[in-house]
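Chemist: Please see the structure below; I have some questions.
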Amino acid sequence: MAESKASLSIDGKEIAELPILKGTAGTDVIDIRTLGSHGYFTYDPGFLATASCESSITFIDGGKGILQHRGYPIDSLAKEADYLEVCYILLNGEAPTKNEYDEFRNIITNHTMVHEKLAHFFHGFLPDAHPMAMLCGIVGALSSFYHSDLDINDPEQRKRSAHRLIAKMPTIAAMAYKYSVGQPFVYPRNDLSYAENFLHMMFSVPKRRI
């Protein structure tokens with residue numbers, strides 16, 4: 001929000017009046033978006049004194065070693081929260097209650113499966129294809145399976161899409177690994193935690209009961 005303004009003068013002549021924006025944390029910034037209309041641009045190699053975007057999610061001050069997600073220090077999240085709690089915080093802006101967390105975890109757990117036909121997409125890649133290239137292709141293909149949730153202006157559709165991505169990324173990543181080493185895909189298990197399930201899909205192999 002702009003509460004005050006800065007004046008830019010060149011050779012004693014005022015060129016522009018620029019709003020000063022105040023964030024929820026960090027230093028104030030001068031909004032220079034209108035400078036181009038006055039015939040001037042700024043020069044700041046490496047963005048050493050320029051904010052490139054406005055974020056309600058992340059605050060970074062590299063010089064002071066500060067990284068916050070939704071106001072929570074990254075070190076506290078790493079020590080005290082699991083991955084799904086961090087996902088919930090990023091999506092909703094605050095830590096979940098126990099009931100909210102349980103509901104969120106159940107939603108993610110019940111969406112870890114991918115459509116069986118998605119497995120056929122992997123066979124279009126060479127076995128030594130870069131894993132990130134495979135991930136990009138497969139994640140892009142997900143939109144062809146969920147036609148009803150492609151409106152980015154609908155909050156509910158965005159939420160469902162985010163939940164699907166969080167749930168299915170470990171499955172897809174594990175499938176990419178299994179394909180690269182020539183092993184069969186391993187299906188997710190709902191009785192395992194998020195991290196346990198990922199490791200299960202990555203490294204377990206079919207065994208015959210003796």
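Chain lettering (A, B, ...) mirrors the order of the structure tokens, residue numbering begins at 1 for each chain separately, and ligand numbering begins at 1 in order of display.
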I want to know what sits within 10 Å of Phe121 of chain A, based on only C-alpha atoms, with residues of the same chain fewer than 5 positions away left out; could you give that as a PyMOL selection string?
Modeler: chain A and resi 116+134+137-138+141
Chemist: I'd like a table as CSV: residues in segment 156-208 of chain A with an atom no more than 9 Å from segment 87-102 of chain A, each row giving the shortest atom pair and its distance in Å to one decimal, only C-alpha atoms counted, sorted by chain and rising residue number.
Modeler:
```
residue,atom,partner,partner_atom,distance
A:Lys159,CA,A:Leu91,CA,8.3
A:Ala162,CA,A:Leu91,CA,8.4
A:Ile166,CA,A:Cys87,CA,8.1
```
Chemist: Using atom CA of Phe185 of chain A and atom CA of Ser143 of chain A as the two end points, give the distance in Å to one decimal.
Modeler: 21.4 Å
Chemist: Which residues are near segment 180-184 of chain A? Cut-off 8 Å, only C-alpha atoms, ignore same chain within fewer than 6 positions. Put them as a count of residues only.
Modeler: 4
Chemist: What's the separation between atom CA of Met201 of chain A and atom CA of Lys79 of chain A, in Å to one decimal place?
Modeler: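 For atom CA of Met201 of chain A relative to atom CA of Lys79 of chain A, the distance reads 25.2 Å.
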Chemist: Which is closer to Phe122 of chain A than all the others in A:Phe104, A:Asp75, A:Lys178, A:Gln68, using only C-alpha atoms?
Modeler: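 Checking each of A:Phe104, A:Asp75, A:Lys178, A:Gln68 against Phe122 of chain A, counting only C-alpha atoms, the winner is A:Lys178.
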Chemist: Please, which residues of segment 32-190 of chain A, numbered as in this document, come out strand (DSSP E) from DSSP, as JSON, numbers by chain?
Modeler: {"A": [58, 59, 60, 61, 66, 67, 68, 69, 72, 73]}
Chemist: Got time to write the residues from that selection, N, CA and C atoms, as an mmCIF file, in the first residue's frame?
Modeler:
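Once everything was written out, this is again-v8.cif:
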```cif
data_model
loop_
_atom_site.group_PDB
_atom_site.id
_atom_site.type_symbol
_atom_site.label_atom_id
_atom_site.label_comp_id
_atom_site.auth_asym_id
_atom_site.auth_seq_id
_atom_site.Cartn_x
_atom_site.Cartn_y
_atom_site.Cartn_z
ATOM 1 N N THR A 58 6.233 -15.712 0.209
ATOM 2 C CA THR A 58 7.632 -15.836 0.620
ATOM 3 C C THR A 58 8.275 -14.480 0.852
ATOM 4 N N PHE A 59 9.090 -14.390 1.903
ATOM 5 C CA PHE A 59 9.924 -13.215 2.149
ATOM 6 C C PHE A 59 11.376 -13.680 2.254
ATOM 7 N N ILE A 60 12.252 -13.029 1.474
ATOM 8 C CA ILE A 60 13.662 -13.407 1.442
ATOM 9 C C ILE A 60 14.525 -12.175 1.688
ATOM 10 N N ASP A 61 15.486 -12.306 2.576
ATOM 11 C CA ASP A 61 16.547 -11.321 2.758
ATOM 12 C C ASP A 61 17.850 -12.119 2.858
ATOM 13 N N ILE A 66 17.523 -14.606 5.914
ATOM 14 C CA ILE A 66 16.112 -14.763 6.267
ATOM 15 C C ILE A 66 15.348 -15.371 5.092
ATOM 16 N N LEU A 67 14.622 -16.426 5.369
ATOM 17 C CA LEU A 67 13.682 -17.004 4.414
ATOM 18 C C LEU A 67 12.435 -17.408 5.187
ATOM 19 N N GLN A 68 11.310 -16.817 4.818
ATOM 20 C CA GLN A 68 10.052 -17.109 5.501
ATOM 21 C C GLN A 68 8.998 -17.528 4.488
ATOM 22 N N HIS A 69 8.193 -18.502 4.868
ATOM 23 C CA HIS A 69 7.026 -18.900 4.091
ATOM 24 C C HIS A 69 5.788 -18.544 4.912
ATOM 25 N N TYR A 72 6.398 -17.793 8.495
ATOM 26 C CA TYR A 72 7.056 -18.809 9.322
ATOM 27 C C TYR A 72 8.515 -18.963 8.872
ATOM 28 N N PRO A 73 9.493 -18.846 9.786
ATOM 29 C CA PRO A 73 10.908 -19.034 9.409
ATOM 30 C C PRO A 73 11.135 -20.436 8.864
#
```
Chemist: Contacts of Pro188 of chain A at 12 Å or less, counting only C-alpha atoms, minus same-chain residues fewer than 5 places along, as a list of chain:residue names?
Modeler: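 Once the adjacent positions are removed, what remains is A:Ile108, A:Thr109, A:Asn110, A:His111, A:Thr112, A:Met113, A:Val114, A:Ala167, A:Lys168, A:Met169, A:Pro170, A:Thr171, A:Ile172, A:Ala173, A:Ala174, A:Met175, A:Ser193, A:Tyr194, A:Ala195, A:Glu196, A:Asn197, A:Phe198, A:Leu199, A:His200, A:Met201, A:Met202, A:Phe203, A:Ser204.
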Chemist: Between A:Val29, A:Leu35, A:Arg160, A:Ala78, which residue has the minimum interatomic distance to Ser9 of chain A, considering only C-alpha atoms?
Modeler: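 Closest residue, counting only C-alpha atoms: A:Leu35.
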Chemist: Here is a test: counting only C-alpha atoms, which residue of A:Glu156, A:Tyr179, A:Glu14, A:Arg164 is nearest to Gly124 of chain A?
Modeler: A:Tyr179
Chemist: Identify all residues of segment 33-199 of chain A in helix (DSSP H, G or I) (DSSP on the backbone) and supply them as a VMD selection string.
Modeler: chain A and resid 35 to 38 45 to 47 62 to 64 74 to 80 83 to 92 98 to 109 118 to 122 131 to 142 147 to 149 155 to 180 194 to 199
Chemist: Emit the selected residues as a PDB file, in the first residue's frame, including C-alpha atoms.
Modeler:
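In the end it all went to part-v2.pdb:
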```pdb
ATOM      1  CA  LEU A  35       9.320   5.809 -15.227  1.00  0.00           C
ATOM      2  CA  GLY A  36       9.208   4.470 -18.764  1.00  0.00           C
ATOM      3  CA  SER A  37       6.402   6.857 -19.660  1.00  0.00           C
ATOM      4  CA  HIS A  38       8.712   9.716 -18.628  1.00  0.00           C
ATOM      5  CA  PRO A  45      22.466  -5.355 -12.630  1.00  0.00           C
ATOM      6  CA  GLY A  46      21.699  -8.410 -10.543  1.00  0.00           C
ATOM      7  CA  PHE A  47      18.604  -6.784  -9.010  1.00  0.00           C
ATOM      8  CA  GLY A  62      19.653 -13.178   1.650  1.00  0.00           C
ATOM      9  CA  GLY A  63      22.063 -10.768   3.306  1.00  0.00           C
ATOM     10  CA  LYS A  64      20.507 -11.428   6.703  1.00  0.00           C
ATOM     11  CA  ILE A  74      12.173 -21.817   7.176  1.00  0.00           C
ATOM     12  CA  ASP A  75      14.254 -23.364   9.977  1.00  0.00           C
ATOM     13  CA  SER A  76      11.215 -23.764  12.218  1.00  0.00           C
ATOM     14  CA  LEU A  77       9.226 -25.337   9.381  1.00  0.00           C
ATOM     15  CA  ALA A  78      12.080 -27.759   8.683  1.00  0.00           C
ATOM     16  CA  LYS A  79      12.299 -28.784  12.336  1.00  0.00           C
ATOM     17  CA  GLU A  80       8.663 -28.745  13.452  1.00  0.00           C
ATOM     18  CA  TYR A  83       5.909 -31.754   4.180  1.00  0.00           C
ATOM     19  CA  LEU A  84       2.117 -31.755   4.049  1.00  0.00           C
ATOM     20  CA  GLU A  85       1.896 -29.175   6.832  1.00  0.00           C
ATOM     21  CA  VAL A  86       4.171 -26.888   4.821  1.00  0.00           C
ATOM     22  CA  CYS A  87       2.010 -27.456   1.731  1.00  0.00           C
ATOM     23  CA  TYR A  88      -1.096 -26.529   3.720  1.00  0.00           C
ATOM     24  CA  ILE A  89       0.580 -23.377   5.039  1.00  0.00           C
ATOM     25  CA  LEU A  90       1.652 -22.315   1.532  1.00  0.00           C
ATOM     26  CA  LEU A  91      -1.833 -22.882   0.149  1.00  0.00           C
ATOM     27  CA  ASN A  92      -3.858 -21.403   3.016  1.00  0.00           C
ATOM     28  CA  LYS A  98      -5.413 -31.052  13.821  1.00  0.00           C
ATOM     29  CA  ASN A  99      -8.775 -31.577  12.114  1.00  0.00           C
ATOM     30  CA  GLU A 100      -7.750 -29.443   9.133  1.00  0.00           C
ATOM     31  CA  TYR A 101      -4.476 -31.322   8.830  1.00  0.00           C
ATOM     32  CA  ASP A 102      -6.179 -34.726   9.026  1.00  0.00           C
ATOM     33  CA  GLU A 103      -8.675 -33.705   6.335  1.00  0.00           C
ATOM     34  CA  PHE A 104      -5.903 -32.320   4.093  1.00  0.00           C
ATOM     35  CA  ARG A 105      -3.766 -35.440   4.562  1.00  0.00           C
ATOM     36  CA  ASN A 106      -6.719 -37.682   3.660  1.00  0.00           C
ATOM     37  CA  ILE A 107      -7.409 -35.680   0.507  1.00  0.00           C
ATOM     38  CA  ILE A 108      -3.792 -35.968  -0.620  1.00  0.00           C
ATOM     39  CA  THR A 109      -3.554 -39.652   0.311  1.00  0.00           C
ATOM     40  CA  LEU A 118      -0.717 -42.145 -18.045  1.00  0.00           C
ATOM     41  CA  ALA A 119       1.832 -44.956 -17.713  1.00  0.00           C
ATOM     42  CA  HIS A 120       1.805 -45.326 -21.499  1.00  0.00           C
ATOM     43  CA  PHE A 121       3.199 -41.813 -21.853  1.00  0.00           C
ATOM     44  CA  PHE A 122       6.495 -42.972 -20.355  1.00  0.00           C
ATOM     45  CA  PRO A 131      14.086 -37.292 -15.391  1.00  0.00           C
ATOM     46  CA  MET A 132      13.086 -33.619 -15.399  1.00  0.00           C
ATOM     47  CA  ALA A 133      12.160 -33.818 -19.083  1.00  0.00           C
ATOM     48  CA  MET A 134       9.947 -36.807 -18.336  1.00  0.00           C
ATOM     49  CA  LEU A 135       8.352 -35.033 -15.356  1.00  0.00           C
ATOM     50  CA  CYS A 136       7.589 -31.943 -17.442  1.00  0.00           C
ATOM     51  CA  GLY A 137       5.949 -34.033 -20.148  1.00  0.00           C
ATOM     52  CA  ILE A 138       3.890 -36.195 -17.787  1.00  0.00           C
ATOM     53  CA  VAL A 139       2.740 -33.327 -15.561  1.00  0.00           C
ATOM     54  CA  GLY A 140       1.711 -31.403 -18.673  1.00  0.00           C
ATOM     55  CA  ALA A 141      -0.278 -34.431 -19.809  1.00  0.00           C
ATOM     56  CA  LEU A 142      -2.260 -34.460 -16.553  1.00  0.00           C
ATOM     57  CA  HIS A 147     -10.884 -31.253 -18.197  1.00  0.00           C
ATOM     58  CA  SER A 148     -13.260 -29.953 -15.534  1.00  0.00           C
ATOM     59  CA  ASP A 149     -10.556 -28.175 -13.500  1.00  0.00           C
ATOM     60  CA  PRO A 155     -10.683 -20.853  -6.648  1.00  0.00           C
ATOM     61  CA  GLU A 156     -12.166 -24.325  -6.167  1.00  0.00           C
ATOM     62  CA  GLN A 157     -10.697 -25.615  -9.408  1.00  0.00           C
ATOM     63  CA  ARG A 158      -7.306 -24.176  -8.486  1.00  0.00           C
ATOM     64  CA  LYS A 159      -7.511 -25.887  -5.099  1.00  0.00           C
ATOM     65  CA  ARG A 160      -8.369 -29.271  -6.587  1.00  0.00           C
ATOM     66  CA  SER A 161      -5.570 -28.945  -9.131  1.00  0.00           C
ATOM     67  CA  ALA A 162      -3.088 -28.065  -6.376  1.00  0.00           C
ATOM     68  CA  HIS A 163      -4.201 -31.062  -4.319  1.00  0.00           C
ATOM     69  CA  ARG A 164      -3.780 -33.374  -7.310  1.00  0.00           C
ATOM     70  CA  LEU A 165      -0.299 -32.067  -8.052  1.00  0.00           C
ATOM     71  CA  ILE A 166       0.844 -32.482  -4.449  1.00  0.00           C
ATOM     72  CA  ALA A 167      -0.611 -36.000  -4.343  1.00  0.00           C
ATOM     73  CA  LYS A 168       0.568 -37.251  -7.720  1.00  0.00           C
ATOM     74  CA  MET A 169       4.056 -35.746  -8.001  1.00  0.00           C
ATOM     75  CA  PRO A 170       5.715 -38.462  -5.850  1.00  0.00           C
ATOM     76  CA  THR A 171       3.954 -41.127  -7.925  1.00  0.00           C
ATOM     77  CA  ILE A 172       5.079 -39.571 -11.201  1.00  0.00           C
ATOM     78  CA  ALA A 173       8.632 -38.971  -9.963  1.00  0.00           C
ATOM     79  CA  ALA A 174       8.891 -42.591  -8.803  1.00  0.00           C
ATOM     80  CA  MET A 175       7.530 -43.812 -12.134  1.00  0.00           C
ATOM     81  CA  ALA A 176      10.188 -41.788 -13.962  1.00  0.00           C
ATOM     82  CA  TYR A 177      12.888 -43.410 -11.838  1.00  0.00           C
ATOM     83  CA  LYS A 178      11.491 -46.912 -12.257  1.00  0.00           C
ATOM     84  CA  TYR A 179      11.272 -46.436 -16.017  1.00  0.00           C
ATOM     85  CA  SER A 180      14.888 -45.254 -16.177  1.00  0.00           C
ATOM     86  CA  TYR A 194       3.692 -39.088   2.270  1.00  0.00           C
ATOM     87  CA  ALA A 195       7.462 -39.641   2.543  1.00  0.00           C
ATOM     88  CA  GLU A 196       7.161 -43.361   3.253  1.00  0.00           C
ATOM     89  CA  ASN A 197       4.938 -43.815   0.225  1.00  0.00           C
ATOM     90  CA  PHE A 198       7.433 -42.043  -2.031  1.00  0.00           C
ATOM     91  CA  LEU A 199      10.295 -44.247  -0.844  1.00  0.00           C
TER      92      LEU A 199
END
```
Chemist: Using only C-alpha atoms, which protein or nucleic acid residues come within 10 Å of Lys5 of chain A? Drop anything in the same chain fewer than 6 positions from it, and give the result as JSON, numbers by chain.
Modeler: {"A": [16, 17, 18, 19, 20, 21, 30, 31]}
Chemist: May I have the selected residues written with C-alpha atoms, as a compact mmCIF listing (two decimals), in the first residue's frame?
Modeler:
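The new file part-v1.txt reads:
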```txt
# COMPACT_ATOMS: atom_id res chain seq x y z
CA ALA A 16 8.06 12.09 -11.63
CA GLU A 17 6.34 11.48 -8.34
CA LEU A 18 6.64 7.82 -7.40
CA PRO A 19 4.61 5.91 -4.78
CA ILE A 20 6.48 4.30 -1.87
CA LEU A 21 5.07 0.87 -1.12
CA ILE A 30 9.73 2.84 -4.61
CA ASP A 31 7.28 1.94 -7.36
```
